[in-house]
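Structure file start.cif with mmCIF, C-alpha atoms:
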data_entry
loop_
_atom_site.label_atom_id
_atom_site.label_comp_id
_atom_site.auth_asym_id
_atom_site.auth_seq_id
_atom_site.Cartn_x
_atom_site.Cartn_y
_atom_site.Cartn_z
CA MET A 112 -64.96 -101.43 82.23
CA ILE A 113 -64.93 -102.57 78.61
CA TYR A 114 -68.20 -101.71 76.96
CA LEU A 115 -69.24 -104.10 74.20
CA ASP A 116 -73.01 -103.63 74.07
CA HIS A 117 -73.37 -100.95 71.41
CA GLY A 118 -76.26 -102.93 69.93
CA ALA A 119 -78.22 -101.84 73.00
CA THR A 120 -76.95 -98.28 73.12
CA SER A 121 -73.76 -96.41 72.31
CA PHE A 122 -71.73 -95.71 75.41
CA TYR A 123 -69.73 -93.52 75.81
CA LYS A 124 -70.53 -90.68 73.38
CA PRO A 125 -68.33 -88.10 71.71
CA HIS A 126 -67.58 -85.14 74.01
CA SER A 127 -69.42 -82.84 71.59
CA VAL A 128 -72.64 -84.72 72.45
CA HIS A 129 -72.26 -83.99 76.17
CA GLN A 130 -71.52 -80.35 75.41
CA ALA A 131 -74.52 -79.98 73.09
CA VAL A 132 -76.91 -81.40 75.69
CA GLN A 133 -75.58 -79.05 78.33
CA ARG A 134 -75.74 -76.06 75.97
CA ALA A 135 -79.35 -76.85 75.11
CA LEU A 136 -80.28 -77.05 78.78
CA LEU A 137 -78.80 -73.60 79.27
CA THR A 138 -80.10 -71.87 76.15
CA CYS A 139 -83.16 -73.57 74.68
CA GLY A 140 -86.82 -72.92 75.32
CA ASN A 141 -89.69 -74.73 73.61
CA PRO A 142 -89.25 -74.76 69.81
CA GLY A 143 -92.10 -73.46 67.68
CA ARG A 144 -93.93 -72.02 70.66
CA GLY A 145 -92.72 -68.43 70.66
CA GLY A 146 -90.82 -65.70 68.89
CA TYR A 147 -88.47 -64.90 71.77
CA GLY A 148 -84.79 -65.81 71.79
CA ALA A 149 -84.85 -69.06 73.76
CA SER A 150 -87.70 -70.52 71.71
CA MET A 151 -86.06 -69.52 68.43
CA ALA A 152 -82.71 -70.90 69.62
CA ALA A 153 -84.40 -74.24 70.26
CA ALA A 154 -86.12 -74.13 66.87
CA ARG A 155 -82.80 -73.45 65.13
CA MET A 156 -81.17 -76.32 66.96
CA VAL A 157 -84.00 -78.73 66.08
CA LEU A 158 -83.88 -77.66 62.44
CA GLN A 159 -80.13 -78.20 62.42
CA CYS A 160 -80.72 -81.75 63.65
CA ARG A 161 -83.30 -82.38 60.90
CA GLN A 162 -80.86 -81.00 58.33
CA ARG A 163 -78.10 -83.30 59.53
CA VAL A 164 -80.42 -86.30 59.39
CA ALA A 165 -81.43 -85.20 55.89
CA GLU A 166 -77.79 -84.94 54.84
CA LEU A 167 -76.90 -88.36 56.24
CA PHE A 168 -79.90 -90.20 54.80
CA ASP A 169 -80.45 -88.08 51.70
CA CYS A 170 -83.97 -86.83 52.30
CA GLN A 171 -85.64 -83.48 52.99
CA PRO A 172 -85.54 -81.97 56.51
CA GLU A 173 -89.36 -81.85 56.62
CA GLN A 174 -89.48 -85.62 56.24
CA VAL A 175 -87.59 -86.02 59.50
CA VAL A 176 -89.89 -86.72 62.44
CA ILE A 177 -88.20 -86.81 65.82
CA THR A 178 -89.34 -89.71 67.96
CA SER A 179 -88.44 -91.00 71.41
CA SER A 180 -86.95 -94.25 70.08
CA CYS A 181 -86.80 -96.50 67.06
CA THR A 182 -89.68 -98.50 68.57
CA HIS A 183 -91.79 -95.33 68.69
CA GLY A 184 -91.10 -94.69 65.00
CA LEU A 185 -91.76 -98.30 64.01
CA ASN A 186 -95.08 -98.29 65.85
CA MET A 187 -96.14 -95.11 64.08
CA ALA A 188 -95.09 -96.48 60.71
CA ILE A 189 -96.68 -99.90 61.23
CA GLN A 190 -99.94 -98.43 62.49
CA THR A 191 -100.07 -96.24 59.39
CA LEU A 192 -99.61 -99.04 56.86
CA VAL A 193 -101.06 -102.09 58.57
CA LYS A 194 -104.69 -102.89 59.34
CA PRO A 195 -106.13 -105.97 61.06
CA GLY A 196 -105.79 -108.86 58.63
CA SER A 197 -103.18 -107.12 56.43
CA ARG A 198 -100.62 -109.49 54.90
CA VAL A 199 -97.22 -108.25 56.02
CA VAL A 200 -93.93 -109.73 54.86
CA ILE A 201 -91.03 -109.54 57.30
CA SER A 202 -87.53 -110.98 57.33
CA GLY A 203 -86.57 -113.83 59.63
CA PHE A 204 -84.44 -111.49 61.74
CA GLU A 205 -86.92 -108.94 63.03
CA HIS A 206 -86.96 -107.46 66.51
CA ASN A 207 -89.99 -107.46 68.80
CA ALA A 208 -90.30 -103.74 68.00
CA VAL A 209 -91.58 -104.95 64.63
CA THR A 210 -93.33 -108.20 65.45
CA ARG A 211 -95.23 -107.12 68.56
CA PRO A 212 -97.03 -104.18 66.91
CA LEU A 213 -97.87 -106.44 63.97
CA TYR A 214 -99.35 -109.11 66.21
CA ALA A 215 -101.18 -106.50 68.28
CA LEU A 216 -102.81 -105.18 65.11
CA GLY A 217 -103.87 -108.67 64.04
CA ALA A 218 -101.77 -108.66 60.88
CA LYS A 219 -101.12 -111.87 58.96
CA VAL A 220 -97.34 -112.07 59.26
CA ILE A 221 -95.33 -113.91 56.61
CA VAL A 222 -91.73 -114.59 57.62
CA ALA A 223 -89.48 -114.73 54.56
CA GLY A 224 -85.79 -115.66 54.50
CA ARG A 225 -84.41 -117.33 57.58
CA LYS A 226 -80.91 -118.39 56.59
CA LEU A 227 -78.22 -116.36 58.32
CA PHE A 228 -75.74 -114.46 56.15
CA ASP A 229 -77.36 -115.81 52.97
CA TRP A 230 -78.43 -112.99 50.64
CA GLN A 231 -79.63 -115.42 47.98
CA ASP A 232 -82.06 -117.10 50.38
CA THR A 233 -83.18 -113.78 51.84
CA LEU A 234 -83.93 -112.34 48.40
CA GLU A 235 -85.53 -115.48 46.94
CA GLN A 236 -87.83 -116.01 49.92
CA PHE A 237 -88.65 -112.34 50.15
CA GLU A 238 -89.61 -112.13 46.50
CA LYS A 239 -91.66 -115.31 46.74
CA ALA A 240 -93.63 -113.85 49.64
CA LEU A 241 -94.17 -110.52 47.87
CA ARG A 242 -95.28 -112.29 44.69
CA ALA A 243 -97.94 -114.16 46.68
CA GLY A 244 -99.42 -110.78 47.62
CA ALA A 245 -98.68 -108.40 50.46
CA ASP A 246 -100.10 -105.20 51.87
CA ALA A 247 -96.82 -104.11 53.44
CA ALA A 248 -93.31 -105.26 54.24
CA VAL A 249 -91.07 -104.51 57.18
CA PHE A 250 -87.42 -105.45 57.37
CA THR A 251 -84.32 -104.65 59.33
CA CYS A 252 -81.08 -103.52 57.78
CA MET A 253 -78.99 -105.53 60.25
CA SER A 254 -79.87 -108.29 62.69
CA ASN A 255 -79.43 -107.02 66.24
CA VAL A 256 -78.46 -110.53 67.35
CA PHE A 257 -76.09 -111.75 64.65
CA GLY A 258 -74.97 -108.62 62.83
CA TYR A 259 -76.28 -110.04 59.55
CA ILE A 260 -76.50 -107.14 57.09
CA LEU A 261 -79.53 -107.72 54.90
CA PRO A 262 -79.56 -106.80 51.19
CA VAL A 263 -81.87 -103.87 51.85
CA GLU A 264 -81.44 -102.05 48.55
CA GLN A 265 -82.40 -105.17 46.60
CA MET A 266 -85.30 -105.83 49.00
CA ALA A 267 -86.45 -102.25 48.47
CA GLU A 268 -86.27 -102.77 44.73
CA LEU A 269 -88.43 -105.89 45.04
CA CYS A 270 -91.00 -104.00 47.11
CA HIS A 271 -91.22 -101.32 44.43
CA ARG A 272 -91.51 -103.98 41.71
CA TYR A 273 -94.46 -105.61 43.50
CA ARG A 274 -95.88 -102.25 44.60
CA VAL A 275 -95.69 -103.10 48.27
CA PRO A 276 -95.13 -100.18 50.66
CA PHE A 277 -92.37 -100.96 53.11
CA ILE A 278 -90.77 -99.89 56.36
CA LEU A 279 -87.03 -100.10 56.89
CA ASP A 280 -85.89 -100.71 60.45
CA GLY A 281 -82.55 -98.92 60.72
CA ALA A 282 -82.01 -99.74 64.40
CA GLN A 283 -78.60 -101.37 64.02
CA GLY A 284 -77.44 -99.84 60.76
CA ALA A 285 -78.19 -96.13 60.99
CA GLY A 286 -74.92 -94.23 61.21
CA LYS A 287 -72.97 -97.27 60.01
CA MET A 288 -74.51 -98.47 56.76
CA MET A 289 -75.07 -96.35 53.67
CA LEU A 290 -78.84 -96.10 54.11
CA LYS A 291 -80.08 -93.50 51.65
CA TRP A 292 -83.77 -92.72 51.66
CA SER A 293 -83.59 -91.38 48.11
CA ARG A 294 -82.19 -94.66 46.77
CA MET A 295 -84.72 -96.94 48.48
CA LYS A 296 -87.73 -94.66 48.95
CA PRO A 297 -89.37 -96.58 51.79
CA ALA A 298 -92.71 -95.38 53.10
CA PHE A 299 -90.88 -95.04 56.41
CA MET A 300 -87.37 -95.48 57.76
CA ALA A 301 -87.14 -95.75 61.56
CA MET A 302 -84.03 -95.55 63.66
CA PRO A 303 -82.87 -94.88 67.21
CA GLY A 304 -80.93 -91.73 67.98
CA HIS A 305 -78.82 -93.32 70.70
CA LYS A 306 -77.12 -96.19 68.89
CA GLY A 307 -75.11 -95.58 65.71
CA LEU A 308 -76.12 -91.93 65.62
CA LEU A 309 -74.48 -91.47 69.04
CA GLY A 310 -77.19 -89.28 70.55
CA PRO A 311 -78.68 -89.59 74.04
CA GLN A 312 -81.22 -92.24 74.95
CA GLY A 313 -84.82 -91.12 74.47
CA THR A 314 -84.18 -89.97 70.92
CA GLY A 315 -85.12 -91.50 67.58
CA VAL A 316 -85.96 -90.56 64.02
CA LEU A 317 -88.68 -91.58 61.61
CA ILE A 318 -88.06 -90.51 58.02
CA CYS A 319 -91.44 -90.30 56.36
CA GLY A 320 -92.23 -90.83 52.71
CA ILE A 321 -95.90 -90.34 53.51
CA LEU A 322 -97.79 -88.62 56.30
CA PRO A 323 -97.95 -91.06 59.22
CA ARG A 324 -100.88 -91.65 61.47
CA PRO A 325 -99.80 -90.09 64.77
CA LEU A 326 -99.55 -92.25 67.86
CA ILE A 327 -100.27 -89.32 70.14
CA TYR A 328 -102.31 -86.21 69.52
CA GLY A 329 -101.84 -82.74 70.95
CA GLY A 330 -100.17 -79.38 70.60
CA THR A 331 -97.70 -78.84 67.80
CA GLY A 332 -97.26 -75.07 67.94
CA SER A 333 -99.00 -74.78 64.57
CA VAL A 334 -102.54 -74.41 63.14
CA SER A 335 -103.72 -74.42 66.75
CA ARG A 336 -107.35 -73.55 66.10
CA GLN A 337 -107.80 -76.69 64.09
CA GLN A 338 -108.83 -79.75 66.12
CA GLN A 339 -107.30 -82.27 63.75
CA MET A 340 -103.57 -82.84 63.80
CA PRO A 341 -101.74 -80.81 61.11
CA ASP A 342 -101.75 -82.56 57.74
CA PHE A 343 -98.14 -81.66 57.04
CA LEU A 344 -94.75 -82.87 58.19
CA PRO A 345 -93.09 -82.84 60.62
CA ASP A 346 -95.81 -81.25 62.77
CA GLY A 347 -98.43 -83.90 61.96
CA ALA A 348 -96.39 -86.52 63.79
CA GLU A 349 -94.83 -84.50 66.59
CA ALA A 350 -97.42 -83.66 69.25
CA GLY A 351 -96.14 -82.37 72.55
CA THR A 352 -92.89 -80.76 73.56
CA LEU A 353 -89.85 -82.22 71.85
CA ASN A 354 -86.90 -83.64 73.78
CA VAL A 355 -84.77 -80.59 73.03
CA PRO A 356 -81.64 -81.49 75.04
CA GLY A 357 -81.79 -84.98 73.56
CA ILE A 358 -82.15 -83.62 70.04
CA ALA A 359 -79.17 -81.30 70.62
CA GLY A 360 -77.09 -84.32 71.59
CA LEU A 361 -78.40 -86.30 68.64
CA SER A 362 -77.50 -83.48 66.29
CA ALA A 363 -73.93 -83.44 67.65
CA GLY A 364 -73.74 -87.24 67.35
CA ILE A 365 -74.83 -87.11 63.71
CA ALA A 366 -72.28 -84.39 63.03
CA TRP A 367 -69.62 -86.80 64.32
CA VAL A 368 -70.92 -89.56 62.03
CA LEU A 369 -71.03 -87.21 59.03
CA LYS A 370 -67.43 -86.22 59.66
CA ARG A 371 -66.22 -89.81 59.99
CA GLY A 372 -68.43 -91.29 57.24
CA GLU A 373 -70.68 -94.36 57.59
CA GLN A 374 -68.53 -96.61 55.45
CA SER A 375 -65.41 -95.93 57.47
CA ILE A 376 -67.33 -96.61 60.70
CA LEU A 377 -68.72 -99.88 59.35
CA ASP A 378 -65.32 -100.98 58.01
CA ARG A 379 -63.73 -100.40 61.39
CA GLU A 380 -66.47 -102.27 63.24
CA THR A 381 -66.36 -105.17 60.78
CA GLN A 382 -62.63 -105.40 61.31
CA LEU A 383 -63.06 -105.53 65.11
CA ALA A 384 -65.78 -108.15 64.72
CA GLY A 385 -63.44 -110.18 62.52
CA GLN A 386 -60.76 -110.03 65.20
CA LEU A 387 -63.27 -111.30 67.77
CA ILE A 388 -64.54 -114.08 65.53
CA THR A 389 -61.03 -115.33 64.85
CA GLY A 390 -60.11 -115.22 68.54
CA LEU A 391 -63.21 -117.06 69.71
CA LYS A 392 -63.03 -119.68 66.98
CA LYS A 393 -59.45 -120.50 67.96
CA GLN A 394 -60.83 -121.47 71.37
CA GLY A 395 -63.39 -123.75 69.76
CA ILE A 396 -66.31 -121.49 70.65
CA ALA A 397 -69.35 -121.73 68.37
CA VAL A 398 -69.48 -118.30 66.72
CA PHE A 399 -72.15 -117.14 64.29
CA ALA A 400 -70.12 -115.58 61.53
CA GLY A 401 -70.44 -115.13 57.82
CA GLU A 402 -70.38 -112.83 54.87
CA HIS A 403 -72.31 -109.56 55.17
CA GLN A 404 -71.69 -109.16 58.89
CA GLY A 405 -71.40 -105.89 60.78
CA GLY A 406 -69.96 -105.20 64.20
CA THR A 407 -72.24 -107.56 66.13
CA VAL A 408 -71.27 -111.13 66.93
CA SER A 409 -73.19 -113.84 68.78
CA PHE A 410 -71.71 -117.00 70.19
CA THR A 411 -72.67 -119.96 72.31
CA THR A 412 -70.73 -122.20 74.66
CA ASP A 413 -71.78 -125.17 76.76
CA GLU A 414 -72.50 -122.74 79.59
CA ASP A 415 -75.72 -120.87 80.17
CA CYS A 416 -75.42 -117.63 78.18
CA GLU A 417 -76.77 -115.46 81.01
CA VAL A 418 -74.37 -116.99 83.52
CA LEU A 419 -71.43 -116.47 81.17
CA ALA A 420 -72.42 -112.83 80.58
CA GLN A 421 -72.69 -112.34 84.33
CA VAL A 422 -69.24 -113.81 84.90
CA LEU A 423 -67.85 -111.59 82.15
CA ALA A 424 -69.55 -108.58 83.77
CA GLN A 425 -67.72 -109.36 87.00
CA GLY A 426 -64.53 -109.16 84.99
CA GLY A 427 -65.55 -105.75 83.66
CA PHE A 428 -66.92 -106.77 80.26
CA CYS A 429 -70.35 -105.42 79.26
CA VAL A 430 -71.97 -107.89 76.85
CA ARG A 431 -75.57 -108.93 76.41
CA ALA A 432 -76.97 -112.42 76.74
CA GLY A 433 -80.37 -114.04 76.18
CA LEU A 434 -82.80 -113.50 73.34
CA HIS A 435 -82.05 -109.80 72.71
CA CYS A 436 -85.76 -109.00 72.21
CA ALA A 437 -85.58 -110.90 68.93
CA PRO A 438 -86.94 -114.43 69.41
CA LEU A 439 -87.69 -114.63 65.70
CA ALA A 440 -84.01 -114.16 64.83
CA HIS A 441 -83.04 -116.82 67.36
CA GLU A 442 -85.67 -119.15 65.95
CA SER A 443 -84.21 -118.59 62.46
CA ALA A 444 -80.71 -119.42 63.70
CA GLY A 445 -81.78 -122.30 65.92
CA THR A 446 -80.77 -120.62 69.18
CA LEU A 447 -84.20 -119.90 70.63
CA ARG A 448 -83.83 -122.45 73.42
CA GLN A 449 -80.39 -121.51 74.71
CA GLY A 450 -79.97 -117.89 73.55
CA THR A 451 -76.55 -116.45 72.78
CA VAL A 452 -73.97 -114.11 74.20
CA ARG A 453 -73.75 -111.04 72.02
CA VAL A 454 -70.80 -108.72 71.60
CA SER A 455 -71.43 -105.50 69.72
CA VAL A 456 -68.70 -102.99 69.03
CA GLY A 457 -69.04 -99.27 68.39
CA TYR A 458 -67.77 -95.82 69.27
CA GLY A 459 -64.70 -96.13 71.49
CA THR A 460 -64.15 -99.86 70.96
CA GLU A 461 -60.50 -100.64 70.38
CA SER A 462 -58.63 -103.67 69.21
CA GLY A 463 -57.18 -104.04 72.71
CA HIS A 464 -60.69 -104.42 74.14
CA ILE A 465 -61.33 -107.35 71.84
CA ARG A 466 -57.97 -108.92 72.75
CA SER A 467 -58.84 -108.57 76.45
CA LEU A 468 -62.20 -110.23 75.98
CA VAL A 469 -60.78 -113.11 73.97
CA SER A 470 -58.08 -113.65 76.61
CA ALA A 471 -60.65 -113.59 79.39
CA MET A 472 -62.92 -116.19 77.82
CA PRO A 473 -61.29 -119.48 78.99
CA LYS A 474 -61.26 -118.35 82.62
CA ALA A 475 -64.79 -116.97 82.37
CA ILE A 476 -66.10 -120.25 80.98
CA LYS A 477 -64.33 -122.13 83.77
CA ASN A 478 -65.78 -119.78 86.39
CA CYS A 479 -69.32 -120.44 85.17
CA LYS A 480 -69.13 -123.84 86.89
CA LYS A 481 -68.70 -122.11 90.26
CA PHE A 482 -71.45 -119.57 89.67
CA MET B 697 -88.08 -49.39 53.28
CA ARG B 698 -91.48 -51.02 52.81
CA ALA B 699 -91.80 -54.22 54.77
CA CYS B 700 -93.32 -57.32 53.30
CA LEU B 701 -94.26 -60.56 55.04
CA ILE B 702 -94.55 -64.14 53.96
CA THR B 703 -96.50 -66.33 56.38
CA PHE B 704 -95.99 -70.03 57.12
CA ARG B 705 -98.03 -72.60 58.99
CA SER B 706 -95.27 -73.53 61.43
CA VAL B 707 -91.72 -72.85 62.46
CA THR B 708 -90.01 -75.51 60.33
CA PRO B 709 -91.03 -74.21 56.88
CA ALA B 710 -90.43 -70.64 58.06
CA GLN B 711 -86.89 -71.53 59.13
CA ARG B 712 -86.28 -73.43 55.91
CA GLY B 713 -87.53 -70.40 54.02
CA GLU B 714 -85.24 -68.14 56.00
CA LEU B 715 -82.22 -70.27 55.08
CA VAL B 716 -83.20 -70.37 51.41
CA LEU B 717 -83.64 -66.61 51.23
CA ARG B 718 -80.43 -65.87 53.08
CA ARG B 719 -78.52 -68.18 50.77
CA ALA B 720 -79.99 -66.24 47.87
CA GLY B 721 -78.71 -63.02 49.43
CA ILE B 722 -82.11 -61.83 50.60
CA ASP B 723 -82.07 -60.33 54.07
CA CYS B 724 -85.01 -61.46 56.19
CA ASN B 725 -85.92 -62.33 59.73
CA ILE B 726 -88.34 -64.71 61.30
CA ARG B 727 -91.10 -63.66 63.69
CA ARG B 728 -94.40 -64.96 64.99
CA THR B 729 -97.30 -64.21 62.68
CA ALA B 730 -99.80 -61.67 64.06
CA ARG B 731 -102.92 -63.48 65.26
CA TRP B 732 -105.23 -61.64 62.82
CA MET B 733 -103.19 -62.83 59.82
CA GLU B 734 -103.43 -66.51 60.62
CA GLU B 735 -106.94 -67.73 61.24
CA GLN B 736 -105.68 -71.15 62.33
CA GLY B 737 -103.28 -69.57 64.82
CA CYS B 738 -99.64 -69.99 65.82
CA GLY B 739 -97.80 -69.34 62.57
CA TYR B 740 -94.43 -67.82 61.76
CA SER B 741 -93.53 -65.21 59.14
CA LEU B 742 -90.51 -63.97 57.28
CA HIS B 743 -90.12 -60.20 57.22
CA LEU B 744 -88.20 -58.72 54.32
CA ASN B 745 -87.82 -55.66 52.15
CA CYS B 746 -90.62 -55.46 49.56
CA LYS B 747 -88.08 -54.91 46.82
CA ASP B 748 -86.98 -58.55 47.34
CA MET B 749 -90.48 -59.99 47.51
CA TYR B 750 -90.83 -61.42 43.99
CA ARG B 751 -87.36 -62.94 44.09
CA ALA B 752 -88.07 -64.39 47.54
CA VAL B 753 -91.30 -66.04 46.43
CA GLU B 754 -89.57 -67.41 43.37
CA GLN B 755 -86.90 -68.94 45.61
CA LEU B 756 -89.47 -70.52 47.91
CA ARG B 757 -91.44 -71.93 44.97
CA THR B 758 -88.32 -73.34 43.36
CA ARG B 759 -87.26 -75.03 46.59
CA GLY B 760 -90.76 -76.32 47.34
CA ILE B 761 -91.06 -74.52 50.69
CA PRO B 762 -94.78 -74.29 51.49
CA TYR B 763 -95.89 -70.77 52.41
CA ARG B 764 -99.29 -69.35 53.24
CA ARG B 765 -99.88 -65.70 52.36
CA PHE B 766 -98.16 -62.43 51.51
CA TYR B 767 -98.60 -59.06 53.17
CA ARG B 768 -97.13 -55.61 52.61
CA SER B 769 -97.08 -52.50 54.73
CA THR B 770 -99.19 -49.60 53.48
CA GLU B 771 -98.47 -45.85 53.64
CA ASP B 772 -100.06 -45.62 57.10
CA GLY B 773 -98.04 -48.56 58.46
CA THR B 774 -100.83 -51.12 58.47
CA LEU B 775 -100.46 -54.42 56.67
CA GLU B 776 -102.56 -55.60 53.76
CA GLU B 777 -102.67 -58.94 52.06
CA MET B 778 -101.23 -59.01 48.57
CA ALA B 779 -101.63 -61.42 45.70
CA LEU B 780 -98.61 -62.61 43.79
#

Would you kindly transcribe this structure into structure tokens?
Amino acid sequence: MIYLDHGATSFYKPHSVHQAVQRALLTCGNPGRGGYGASMAAARMVLQCRQRVAELFDCQPEQVVITSSCTHGLNMAIQTLVKPGSRVVISGFEHNAVTRPLYALGAKVIVAGRKLFDWQDTLEQFEKALRAGADAAVFTCMSNVFGYILPVEQMAELCHRYRVPFILDGAQGAGKMMLKWSRMKPAFMAMPGHKGLLGPQGTGVLICGILPRPLIYGGTGSVSRQQQMPDFLPDGAEAGTLNVPGIAGLSAGIAWVLKRGEQSILDRETQLAGQLITGLKKQGIAVFAGEHQGGTVSFTTDEDCEVLAQVLAQGGFCVRAGLHCAPLAHESAGTLRQGTVRVSVGYGTESGHIRSLVSAMPKAIKNCKKF
Amino acid sequence: MRACLITFRSVTPAQRGELVLRRAGIDCNIRRTARWMEEQGCGYSLHLNCKDMYRAVEQLRTRGIPYRRFYRSTEDGTLEEMAL
């Protein structure tokens, strides 16, 4: 099997992640719920994870709220900043994890910047929308469909200039791009734990610049007599028992990223993406490629994208087809009707995997006719 | 040795405090806060030698670690709240 769907989740993970999960299952109780060894061991492990997140994203450990996914964090952040009727500026490449909560809240959504790989358009349209007045902004650091890396630091700067609180969606960039909370100071930065951070599924992080409105209420192991949720972080946003084995794995995954360095990871993935783009283009395949692209590549052929992905799966290649939960991004790129096949590289992807995929393409396309 | 306590609202600031104090060479350990000391319930405390108390509080203040109250043991072994 050649796994090329790291945009969905990283697979496999470093061995240290497996070991950390197993160790947590054997040694950790419920953190913050007792003074005995197993509870304190869990608390130490969770704090270590917060510290590693803080080191990677340059924030304080208390700002790190552990969530169950990036979507969980985005929902918490959006529900804190956005009210019914709020004017919210988003990029043209947002995921449903951003757009669905906004529509559910009845926000007035302004889509700004729809040209792929075009920083000038993204920044001009974004500024224009902010200048017209906005209550909040939400934008991704990298399109999950096309790998377009948005100019997030400049967008953050614009938000500060127009005094618009913003949420950064780090779903595809966390652990790969240099996303520093201290440089951008978003109200919130949400990310999954299981993609670029290499943790297990069911983990995520929300870095909070302000106290979020919790999505769920309950026990936190602190100020228990009080019937309101704690008004301090991270407790105020972490009701219920934490996913301790997951957090242990996440912590180990982040340690791996810290050791390797985000820039080196991104450089490697960009190089692999470049190899793929060149190989596919040589075969006359329509590839979405441009400047400011990470390790995710979408392409279309004359065949149905889902059928092609299925044929590739039969040949052992794991790629994703369809709309990738991001119809807005497809609308921006003009691929909403047909969708695309997406290849996303990551931990464990090698140059040979890309060569194998490129070599397999002509036969796969031919086999679609028989499918 | 006279024992002093610094209380915290939850485990995270207590752990952060523990790390800060240890890095500053102050020996301490983390325990649950006695129920009577924390009216809101479920806190954690750092236990340390009273001789290090002022330096410990200074460290916590400098690092912005939020603490609650201070206690010291009396001659008869009971604890009393102290103002710093």

- Task: I would like the residues chosen by the PyMOL selection byres ((chain B) within 6 of (chain A)) on the shown file; could you give them as a ChimeraX atom specification?
- Result: /B:706-707,727-728,736-739

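Picture a line from atom CA of A:Gly320 to atom CA of A:Tyr259; it runs 25.9 Å.
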
- Task: Go through A:Tyr328, A:Phe122, A:Phe428, A:Phe299 and flag the residue nearest A:Cys181, using only C-alpha atoms for the distances.
- Result: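 Among the listed residues, the smallest separation from A:Cys181 belongs to A:Phe299.
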
- Task: Would you work out the distance separating atom CA of A:Ala444 from atom CA of A:Ala432, expressed in Å to one decimal?
- Result: 15.3 Å

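Residue nearest B:Tyr767 within the list B:Ala720, B:Leu715, B:Leu742, B:Arg731: B:Leu742 [criterion: smallest interatomic distance, all atoms listed in the file].
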
- Task: Can you give me, as number ranges by chain, the residues this file yields under the PyMOL selection byres ((chain A and resi 296) around 10)?
- Result: A: 170, 264, 267-268, 271, 276-279, 291-295, 297-300, 318-320

- Item | Output of the PyMOL selection byres ((chain B and resi 755-764) around 6), listed as a list in words | Thr703, Phe704, Ala752, Val753, Glu754 and Arg765 of chain B

For the selection you just gave me, I'd like the residues written to a file as a PDB file, keeping the file's coordinate frame, keeping C-alpha atoms.
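Printed below is result22.pdb as written:
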ATOM      1  CA  THR B 703     -96.500 -66.330  56.380  1.00  0.00           C
ATOM      2  CA  PHE B 704     -95.990 -70.030  57.120  1.00  0.00           C
ATOM      3  CA  ALA B 752     -88.070 -64.390  47.540  1.00  0.00           C
ATOM      4  CA  VAL B 753     -91.300 -66.040  46.430  1.00  0.00           C
ATOM      5  CA  GLU B 754     -89.570 -67.410  43.370  1.00  0.00           C
ATOM      6  CA  ARG B 765     -99.880 -65.700  52.360  1.00  0.00           C
TER       7      ARG B 765
END

- Message: So, with all atoms listed in the file as the atoms that count, which of B:Val716, B:Ala710, B:Leu701, B:Leu780 lies closest to B:Met733?
- Response: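 Ranked by minimum distance to B:Met733, first place goes to B:Leu701.
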
- Message: Applying 12 Å and all atoms listed in the file, which residues near A:Leu391 remain after dropping the ones on its own chain fewer than 6 positions away? List them as a list in words.
- Response: Ala384, Gly385, Ala397, Val398, Phe399, Ala400, Val408, Ser409, Phe410, Thr411, Thr412, Val454, Ile465, Arg466, Ser467, Leu468, Val469, Ser470, Ala471, Met472 and Pro473 of chain A

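Comparing B:Cys724, B:Met778, B:Ala730, B:Leu717 by their smallest distance to B:His743, the closest is B:Cys724 (using all atoms listed in the file).
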
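The closest residue to A:Trp367, picked from A:Met253, A:Leu216, A:Leu308, A:Ala348 and counting only C-alpha atoms, is A:Leu308.
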
Please complete stretch 234-241 of chain A so it has N, CA and C atoms, and hand it over as a compact mmCIF listing (two decimals), in the coordinates of the input.
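The resulting file, selection-v9.txt, is reproduced below:
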# COMPACT_ATOMS: atom_id res chain seq x y z
N LEU A 234 -83.28 -112.99 49.55
CA LEU A 234 -83.93 -112.34 48.40
C LEU A 234 -84.95 -113.26 47.73
N GLU A 235 -84.60 -114.54 47.59
CA GLU A 235 -85.53 -115.48 46.94
C GLU A 235 -86.82 -115.62 47.75
N GLN A 236 -86.65 -115.81 49.06
CA GLN A 236 -87.83 -116.01 49.92
C GLN A 236 -88.66 -114.74 50.02
N PHE A 237 -87.96 -113.63 50.04
CA PHE A 237 -88.65 -112.34 50.15
C PHE A 237 -89.48 -112.09 48.89
N GLU A 238 -88.87 -112.35 47.75
CA GLU A 238 -89.61 -112.13 46.50
C GLU A 238 -90.80 -113.07 46.40
N LYS A 239 -90.58 -114.31 46.80
CA LYS A 239 -91.66 -115.31 46.74
C LYS A 239 -92.86 -114.82 47.58
N ALA A 240 -92.55 -114.32 48.76
CA ALA A 240 -93.63 -113.85 49.64
C ALA A 240 -94.32 -112.62 49.06
N LEU A 241 -93.56 -111.72 48.46
CA LEU A 241 -94.17 -110.52 47.87
C LEU A 241 -95.05 -110.91 46.68
